[in-house]
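This is input.cif. It holds mmCIF, C-alpha atoms.
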data_protein
#
loop_
_atom_site.label_atom_id
_atom_site.label_comp_id
_atom_site.auth_asym_id
_atom_site.auth_seq_id
_atom_site.Cartn_x
_atom_site.Cartn_y
_atom_site.Cartn_z
CA MET A 1010 20.23 -10.96 17.44
CA HIS A 1011 19.77 -10.80 13.67
CA ARG A 1012 16.69 -8.98 12.39
CA ARG A 1013 15.15 -12.12 10.86
CA GLU A 1014 15.49 -13.95 14.21
CA PHE A 1015 13.91 -11.00 15.98
CA LEU A 1016 10.95 -10.92 13.59
CA ALA A 1017 10.42 -14.64 13.96
CA GLY A 1018 10.37 -14.25 17.73
CA CYS A 1019 7.94 -11.36 17.51
CA ALA A 1020 5.60 -13.36 15.31
CA GLY A 1021 5.55 -16.26 17.74
CA ALA A 1022 4.98 -14.01 20.73
CA ALA A 1023 2.33 -11.80 19.04
CA LEU A 1024 4.54 -8.74 19.47
CA TRP A 1025 4.70 -7.74 15.82
CA ALA A 1026 3.20 -4.28 15.41
CA TRP A 1027 1.06 -3.99 12.30
CA PRO A 1028 -0.74 -1.20 10.46
CA MET A 1029 -4.19 -0.11 11.53
CA GLY A 1030 -7.15 -2.20 10.50
CA VAL A 1031 -5.09 -5.39 10.23
CA SER A 1032 -5.28 -8.26 12.66
CA ALA A 1033 -2.44 -8.37 15.21
CA GLU A 1034 -2.78 -12.13 15.68
CA PRO A 1035 0.52 -14.01 15.35
CA PHE A 1036 1.46 -15.67 12.09
CA ALA A 1037 0.70 -19.37 12.03
CA ALA A 1038 1.30 -22.01 9.39
CA GLY A 1039 -1.95 -22.81 7.65
CA ALA A 1040 -3.79 -19.91 9.30
CA ASP A 1041 -6.91 -18.75 7.54
CA TRP A 1042 -6.37 -15.90 5.10
CA ARG A 1043 -9.13 -13.53 4.16
CA LEU A 1044 -8.98 -11.15 1.22
CA ARG A 1045 -9.38 -7.59 2.51
CA LEU A 1046 -10.03 -4.94 -0.14
CA SER A 1047 -9.35 -1.23 -0.19
CA THR A 1048 -9.16 1.21 -3.06
CA SER A 1049 -7.69 4.65 -3.62
CA THR A 1050 -9.62 7.91 -3.52
CA ILE A 1051 -7.71 9.16 -6.58
CA GLN A 1052 -9.94 6.85 -8.62
CA PHE A 1053 -12.62 9.46 -7.93
CA SER A 1054 -10.41 12.55 -7.97
CA ARG A 1055 -13.09 14.59 -9.75
CA LEU A 1056 -15.30 14.23 -6.68
CA PRO A 1057 -14.77 15.80 -3.24
CA LEU A 1058 -13.46 13.47 -0.54
CA GLU A 1059 -16.86 12.88 1.06
CA GLN A 1060 -18.43 11.76 -2.22
CA ALA A 1061 -15.39 9.61 -3.08
CA CYS A 1062 -15.74 7.84 0.28
CA GLU A 1063 -19.45 7.30 -0.30
CA ARG A 1064 -18.82 5.78 -3.73
CA ILE A 1065 -16.10 3.48 -2.43
CA ALA A 1066 -18.24 2.31 0.49
CA LYS A 1067 -21.22 1.56 -1.78
CA LEU A 1068 -18.99 -0.63 -3.93
CA GLY A 1069 -18.29 -2.85 -0.91
CA PHE A 1070 -14.68 -1.94 -0.11
CA GLU A 1071 -13.60 -2.15 3.51
CA ALA A 1072 -11.00 0.60 3.54
CA ILE A 1073 -9.56 3.55 1.63
CA ASP A 1074 -6.19 4.85 0.58
CA ILE A 1075 -6.44 8.68 0.56
CA TRP A 1076 -4.30 10.51 -1.99
CA ALA A 1077 -2.45 13.79 -1.79
CA ALA A 1078 -2.33 16.19 -4.74
CA TYR A 1079 -1.03 13.87 -7.47
CA GLU A 1080 -2.56 15.03 -10.76
CA GLY A 1081 -4.61 17.52 -8.80
CA CYS A 1082 -6.29 15.05 -6.43
CA PRO A 1083 -7.69 17.22 -3.60
CA HIS A 1084 -8.50 14.57 -1.05
CA LEU A 1085 -5.72 14.69 1.54
CA ASP A 1086 -5.81 18.46 1.68
CA GLN A 1087 -9.57 18.24 2.18
CA ALA A 1088 -8.94 15.73 4.96
CA LEU A 1089 -6.52 18.22 6.56
CA LYS A 1090 -9.32 20.77 6.63
CA LEU A 1091 -11.66 18.25 8.22
CA GLY A 1092 -9.07 17.47 10.89
CA PRO A 1093 -8.68 14.06 12.56
CA GLU A 1094 -12.06 14.06 14.27
CA GLY A 1095 -13.84 15.15 11.12
CA LEU A 1096 -12.04 12.50 9.07
CA LYS A 1097 -12.85 9.80 11.60
CA ALA A 1098 -16.50 10.87 11.58
CA LEU A 1099 -16.63 10.72 7.77
CA LEU A 1100 -15.10 7.25 7.68
CA ALA A 1101 -17.39 6.01 10.45
CA ARG A 1102 -20.43 7.34 8.58
CA CYS A 1103 -19.31 5.46 5.47
CA HIS A 1104 -18.29 2.33 7.43
CA LEU A 1105 -14.76 2.52 6.03
CA GLN A 1106 -11.41 1.86 7.67
CA LEU A 1107 -8.43 4.09 7.04
CA CYS A 1108 -5.84 2.00 5.24
CA SER A 1109 -3.27 4.54 4.09
CA PHE A 1110 -2.28 7.98 2.86
CA SER A 1111 -0.49 8.16 -0.51
CA VAL A 1112 1.87 11.10 -0.15
CA TYR A 1113 3.87 11.11 -3.39
CA ILE A 1114 3.08 14.82 -3.57
CA GLY A 1115 3.52 16.79 -0.36
CA GLY A 1116 5.44 14.14 1.55
CA TYR A 1117 4.63 12.22 4.71
CA ALA A 1118 5.67 14.92 7.20
CA ARG A 1119 2.86 17.23 6.05
CA TYR A 1120 0.23 14.62 6.87
CA ALA A 1121 1.86 12.62 9.69
CA GLU A 1122 -0.07 14.15 12.57
CA LEU A 1123 -3.39 13.77 10.76
CA LEU A 1124 -2.71 10.12 9.99
CA GLY A 1125 -1.75 9.39 13.58
CA LYS A 1126 -4.66 11.22 15.18
CA ALA A 1127 -7.14 9.71 12.72
CA GLY A 1128 -6.15 6.28 13.99
CA GLY A 1129 -2.85 5.47 12.32
CA GLY A 1130 -2.10 3.66 9.10
CA ILE A 1131 0.44 3.52 6.31
CA ALA A 1132 2.01 6.44 4.44
CA ILE A 1133 3.17 5.47 0.95
CA GLU A 1134 6.05 7.24 -0.80
CA GLY A 1135 8.40 6.61 -3.70
CA SER A 1136 12.11 5.84 -3.43
CA ALA A 1137 14.95 7.67 -5.19
CA GLY A 1138 16.64 7.88 -8.57
CA PRO A 1139 18.14 4.81 -10.27
CA CYS A 1140 21.69 3.62 -9.80
CA ALA A 1141 24.19 1.26 -11.39
CA PRO A 1142 23.87 -2.38 -10.22
CA GLY A 1143 27.25 -2.26 -8.50
CA GLU A 1144 26.14 0.71 -6.41
CA LEU A 1145 22.81 -0.76 -5.33
CA ARG A 1146 23.57 -1.76 -1.74
CA THR A 1147 25.51 1.42 -1.02
CA ARG A 1148 22.76 3.59 -2.45
CA MET A 1149 20.04 1.60 -0.69
CA LYS A 1150 21.83 1.88 2.63
CA ALA A 1151 22.11 5.65 2.18
CA PHE A 1152 18.45 5.87 1.19
CA LEU A 1153 17.31 3.96 4.26
CA GLU A 1154 19.50 6.21 6.40
CA SER A 1155 17.82 9.26 4.87
CA LEU A 1156 14.41 7.89 5.89
CA LYS A 1157 15.21 7.78 9.61
CA PRO A 1158 13.56 11.13 10.42
CA LEU A 1159 10.36 9.95 8.70
CA VAL A 1160 10.53 6.58 10.45
CA ASP A 1161 10.88 8.41 13.77
CA LEU A 1162 7.86 10.50 12.81
CA ALA A 1163 5.91 7.34 12.04
CA GLU A 1164 6.86 5.93 15.43
CA LYS A 1165 5.69 9.12 17.14
CA ASN A 1166 2.37 9.02 15.29
CA GLN A 1167 1.75 5.25 15.59
CA SER A 1168 1.91 4.85 11.83
CA TYR A 1169 4.03 3.11 9.19
CA LEU A 1170 5.97 4.10 6.09
CA ALA A 1171 5.87 2.01 2.89
CA ILE A 1172 8.14 2.63 -0.10
CA GLU A 1173 6.74 1.83 -3.55
CA ASN A 1174 8.67 0.41 -6.47
CA HIS A 1175 8.67 2.29 -9.77
CA GLY A 1176 10.41 2.02 -13.13
CA GLN A 1177 13.73 3.85 -13.38
CA SER A 1178 14.03 4.28 -9.62
CA LEU A 1179 16.19 2.96 -6.81
CA LEU A 1180 13.47 0.50 -5.82
CA ASP A 1181 12.83 -1.10 -9.17
CA GLY A 1182 13.81 -4.73 -9.81
CA LEU A 1183 13.96 -7.78 -7.57
CA ASP A 1184 17.58 -7.13 -6.57
CA SER A 1185 16.54 -3.80 -5.10
CA PHE A 1186 13.73 -5.46 -3.11
CA GLN A 1187 16.26 -7.92 -1.73
CA ALA A 1188 18.68 -5.15 -0.76
CA PHE A 1189 15.89 -3.17 0.95
CA VAL A 1190 14.72 -6.17 2.98
CA GLU A 1191 18.22 -7.14 4.06
CA LEU A 1192 19.29 -3.62 5.04
CA ASN A 1193 16.07 -2.38 6.64
CA SER A 1194 16.16 -2.63 10.44
CA SER A 1195 12.94 -0.78 11.29
CA LEU A 1196 9.62 -2.42 12.07
CA ARG A 1197 7.92 0.83 11.04
CA LEU A 1198 9.33 0.76 7.50
CA GLY A 1199 8.28 -1.59 4.73
CA LEU A 1200 7.35 -1.94 1.09
CA ALA A 1201 4.41 -1.21 -1.20
CA VAL A 1202 4.41 -3.51 -4.24
CA ALA A 1203 3.15 -2.12 -7.55
CA PRO A 1204 2.89 -5.03 -10.03
CA TYR A 1205 2.31 -2.61 -12.93
CA HIS A 1206 5.94 -1.52 -12.78
CA LEU A 1207 7.27 -5.04 -12.18
CA GLN A 1208 5.44 -6.34 -15.25
CA ALA A 1209 6.95 -3.52 -17.30
CA SER A 1210 10.41 -4.93 -16.55
CA LYS A 1211 9.32 -8.59 -16.88
CA ALA A 1212 9.97 -9.22 -13.18
CA SER A 1213 8.01 -11.84 -11.24
CA VAL A 1214 5.34 -10.33 -9.01
CA GLU A 1215 5.14 -13.56 -6.99
CA GLU A 1216 8.88 -13.47 -6.37
CA ALA A 1217 8.69 -9.83 -5.28
CA ILE A 1218 6.01 -10.75 -2.75
CA ARG A 1219 8.14 -13.63 -1.48
CA ILE A 1220 11.18 -11.39 -1.07
CA CYS A 1221 9.18 -8.75 0.80
CA GLY A 1222 7.68 -11.27 3.21
CA SER A 1223 6.74 -9.62 6.49
CA GLN A 1224 8.00 -6.27 5.21
CA LEU A 1225 5.14 -6.07 2.69
CA PHE A 1226 2.80 -3.36 3.99
CA PHE A 1227 0.70 -2.54 0.90
CA PHE A 1228 -0.23 -4.31 -2.34
CA TYR A 1229 -1.66 -2.71 -5.47
CA ALA A 1230 -3.90 -5.02 -7.53
CA TRP A 1231 -2.70 -3.33 -10.70
CA GLN A 1232 -1.66 -4.79 -14.05
CA ASN A 1233 0.35 -3.24 -16.86
CA GLN A 1234 -2.34 -2.52 -19.42
CA PRO A 1235 -3.85 0.61 -20.96
CA GLY A 1236 -6.89 2.34 -19.55
CA ILE A 1237 -9.44 0.41 -17.55
CA GLY A 1238 -7.51 -2.76 -18.40
CA GLN A 1239 -5.19 -1.91 -15.50
CA LEU A 1240 -7.86 -3.12 -13.08
CA PRO A 1241 -8.20 -6.76 -11.99
CA GLY A 1242 -10.60 -8.73 -14.16
CA HIS A 1243 -10.34 -6.30 -17.07
CA GLY A 1244 -6.88 -6.96 -18.53
CA PRO A 1245 -5.39 -10.40 -19.27
CA THR A 1246 -3.41 -10.96 -16.04
CA GLU A 1247 -4.43 -13.93 -13.90
CA PHE A 1248 -4.41 -12.62 -10.33
CA ARG A 1249 -4.78 -15.93 -8.49
CA PRO A 1250 -1.00 -16.60 -8.33
CA TRP A 1251 -0.49 -13.15 -6.80
CA LEU A 1252 -3.16 -13.78 -4.17
CA GLU A 1253 -1.68 -17.21 -3.43
CA ALA A 1254 1.73 -15.57 -2.95
CA LEU A 1255 0.17 -13.08 -0.53
CA ARG A 1256 -1.40 -15.95 1.38
CA ALA A 1257 1.93 -17.78 1.50
CA VAL A 1258 3.70 -14.84 3.21
CA HIS A 1259 0.74 -14.31 5.57
CA TYR A 1260 0.10 -10.82 4.20
CA ARG A 1261 -2.32 -9.08 6.55
CA GLY A 1262 -2.77 -5.80 4.74
CA PHE A 1263 -5.32 -4.73 2.17
CA VAL A 1264 -5.31 -5.60 -1.52
CA ASN A 1265 -5.92 -2.37 -3.39
CA PRO A 1266 -7.38 -2.43 -6.95
CA PHE A 1267 -5.82 0.53 -8.72
CA MET A 1268 -5.32 2.30 -12.03
CA HIS A 1269 -3.99 5.58 -13.38
CA GLY A 1270 -6.28 7.59 -15.61
CA HIS A 1271 -9.52 9.45 -15.17
CA PRO A 1272 -12.66 7.70 -16.41
CA SER A 1273 -15.90 9.34 -15.32
CA PRO A 1274 -17.01 8.50 -11.78
CA ASP A 1275 -19.71 6.18 -13.11
CA GLU A 1276 -17.26 4.39 -15.42
CA MET A 1277 -14.80 4.03 -12.58
CA ALA A 1278 -17.46 2.67 -10.26
CA THR A 1279 -18.45 0.06 -12.84
CA GLY A 1280 -14.81 -0.88 -13.38
CA LEU A 1281 -14.09 -1.21 -9.67
CA MET A 1282 -17.27 -3.23 -9.12
CA LYS A 1283 -16.06 -5.78 -11.69
CA ALA A 1284 -12.53 -5.72 -10.23
CA ARG A 1285 -13.79 -6.39 -6.72
CA ALA A 1286 -16.04 -9.25 -7.87
CA TYR A 1287 -13.16 -10.76 -9.85
CA LEU A 1288 -10.77 -10.69 -6.89
CA MET A 1289 -13.37 -12.23 -4.60
CA THR A 1290 -13.67 -15.21 -6.95
CA LYS A 1291 -9.87 -15.66 -7.01
CA ALA A 1292 -9.16 -15.51 -3.27
#

Could you render the structure from this file as C-alpha cells?
Amino acid sequence: MHRREFLAGCAGAALWAWPMGVSAEPFAAGADWRLRLSTSTIQFSRLPLEQACERIAKLGFEAIDIWAAYEGCPHLDQALKLGPEGLKALLARCHLQLCSFSVYIGGYARYAELLGKAGGGIAIEGSAGPCAPGELRTRMKAFLESLKPLVDLAEKNQSYLAIENHGQSLLDGLDSFQAFVELNSSLRLGLAVAPYHLQASKASVEEAIRICGSQLFFFYAWQNQPGIGQLPGHGPTEFRPWLEALRAVHYRGFVNPFMHGHPSPDEMATGLMKARAYLMTKA
C-alpha cells in the first residue's frame, strides 16, 4: 500500500495518531475548524520558565512551545530540573497545554524522556545544509534516513518530530517540501512551517501548507519584517489566506505567533496581545 493510501485509510478509520493536545477525531470534509493558539517561551527568555508560563497564560494562549538554549533561553533546562511531574504541575497551575519543545540547541535526544513523561508533544529541529537542485531527492532521502534513531525515540516516548524550514538549508523552498513529503514514511515525522523564511525567498506560504498536508505538525504565525513587525497584526502581511490554507488541509495543531528579538517582557506581552486578537478576527 502506498503511504498516501495508508494515510487516507487512517483518517477515515480514526487511526491517525496526532500530537498531544490536538483532537484525534477523523478528518471530514467541511468539518469545523477552530483556531488554537500557542506561543513560544523564548518570547520571554529574560524571565524564568514559571514567569514566562504565567505571562503566556494571562494573554489567553492555550499552549506553549518551550525553547532550549537558543540565544541563552533557559527554559528547557529549567524544565529538566523540574522533571516531568514538576513541569506538568506548572502547566496545570497555569492552565496551559504542552504543545512542543524547540530543540535547535541541545537536540531532541536530550529532552525526549522529559517530553514523553510530561505528556508527549512535538520536538522541533532544523534540517541540514543546502544542496544543488539536482541532488535534492538524494540528499533528502539521506537526511530522512539519518533521522530514524530520533523517530524511534519519538515512538518510544509517544511524541513527534517536526523539521523546520530555513533559508540556505536542505528544507528551504517548495521543492524541498515536496521531496520531504514524498519520501517520508513515518507517521511520527512531519514538518514545521516558518513563513518568515518562505517570504524571504518569495515562496508561497499557502502552497507550502498545501504540500505539507497531513504532515504539517507545527505552524509559526511569523512574517518577514523587522522587530515587532514579525508578529501577526503588526507587519503588513494579511494572515487570512494562511489560516484558510490551514483550514483546507484540516490542520489540527496550534498556530504559534512568533518573532526573533528581545523586547522587554511588557513590550512583548503587548505585542502578543495584539497578535492574538488579530488572529482571532481572521480565523

List as a list in words: which residues have an atom within 7 Å of (1.3, 8.2, 14.4), counting only C-alpha atoms?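 Those within range, by chain then number, are Ala1121, Glu1122, Leu1124, Gly1125, Lys1126, Gly1129, Ala1163, Glu1164, Lys1165, Asn1166, Gln1167 and Ser1168 of chain A.
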
All residues 8 Å or closer to A:Val1264, all atoms listed in the file, same chain fewer than 5 positions away omitted, as number ranges by chain
A: 1044-1048, 1227-1230

The distance between atom CA of A:Trp1076 and atom CA of A:Ala1257 is 29.2 Å

Using only C-alpha atoms, which residues sit within 12 Å of A:Gly1242 once same-chain residues fewer than 4 positions away are excluded, as a list in words? Ala1230, Trp1231, Gln1232, Gln1234, Ile1237, Gly1238, Thr1246, Glu1247, Phe1248, Arg1249, Pro1266, Phe1267, Thr1279, Gly1280, Leu1281, Met1282, Lys1283, Ala1284, Arg1285, Ala1286, Tyr1287, Leu1288, Met1289, Thr1290 and Lys1291 of chain A

Exercise. Expressed in Å to a single decimal, how great is the separation between atom CA of A:Gly1135 and atom CA of A:Glu1173?
Worked result: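 For atom CA of A:Gly1135 relative to atom CA of A:Glu1173, the distance reads 5.1 Å.
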
Exercise. Run through the PyMOL selection byres ((chain A and resi 1192) around 8) on the given coordinates and return the selected residues as a PyMOL selection string.
Key: chain A and resi 1149-1150+1153+1188-1191+1193-1194

message: Evaluated on this file, the PyMOL selection byres ((chain A and resi 1059) around 9) picks out some residues - which ones are they, written as JSON, numbers by chain?
response: {"A": [1056, 1057, 1058, 1060, 1061, 1062, 1063, 1064, 1084, 1099, 1100, 1103]}

All residues 8 Å or closer to stretch 1272-1274 of chain A, all atoms listed in the file, same chain fewer than 6 positions away omitted, as number ranges by chain = A: 1052-1053, 1055-1056

For the file shown, report as an MDAnalysis selection string the outcome of the PyMOL selection byres ((chain A and resi 1207-1219) around 12) at residue level. chainID A and resid 1173:1178 1180:1190 1200:1206 1220:1234 1239 1246:1260

Across A:Asp1041, A:Asp1074, A:Ser1054, A:Gly1199, the smallest distance to A:Met1277, with all atoms listed in the file counted, is shown by A:Ser1054

Counting only C-alpha atoms, closest pick from A:Leu1240, A:Ala1098, A:Leu1107, A:Ala1141 relative to A:Ile1073 is A:Leu1107

A:Thr1147, A:Cys1140, A:Phe1263, A:Arg1197 ranked by distance to A:Asp1161, top pick (using all atoms listed in the file) =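 For A:Asp1161, the nearest of the given residues is A:Arg1197.
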
For the atom pair atom CA of A:Cys1082 and atom CA of A:Ile1114, what is the interatomic distance in Å to one decimal place?
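Result for atom CA of A:Cys1082 versus atom CA of A:Ile1114: 9.8 Å, one decimal.
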
Notebook entry, point to check: Near A:Leu1159, within 8 Å and counting only C-alpha atoms, which residues show up once chain neighbours fewer than 4 positions away are dropped, as a ChimeraX atom specification?
Noted result: /A:1117-1118,1163,1170

Across A:Ala1072, A:Ala1137, A:Leu1162, A:Leu1179, the smallest distance to A:Cys1108, with all atoms listed in the file counted, is shown by A:Ala1072

Using only C-alpha atoms, find the one residue out of A:Gly1092, A:Gly1081, A:Gly1069, A:Gly1138 that sits nearest to A:His1271.
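Ranking A:Gly1092, A:Gly1081, A:Gly1069, A:Gly1138 by distance to A:His1271, first place goes to A:Gly1081.
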
Using all atoms listed in the file, the residue out of A:Met1268, A:Leu1123, A:Ala1292, A:Ile1131 with shortest distance to A:Pro1235 is A:Met1268

task = Compile the contact shell of A:Leu1198 as a list in words: residues with an atom at most 7 Å away, counting only C-alpha atoms, same-chain residues fewer than 6 positions apart removed.
result = Val1160, Tyr1169, Leu1170 and Ala1171 of chain A
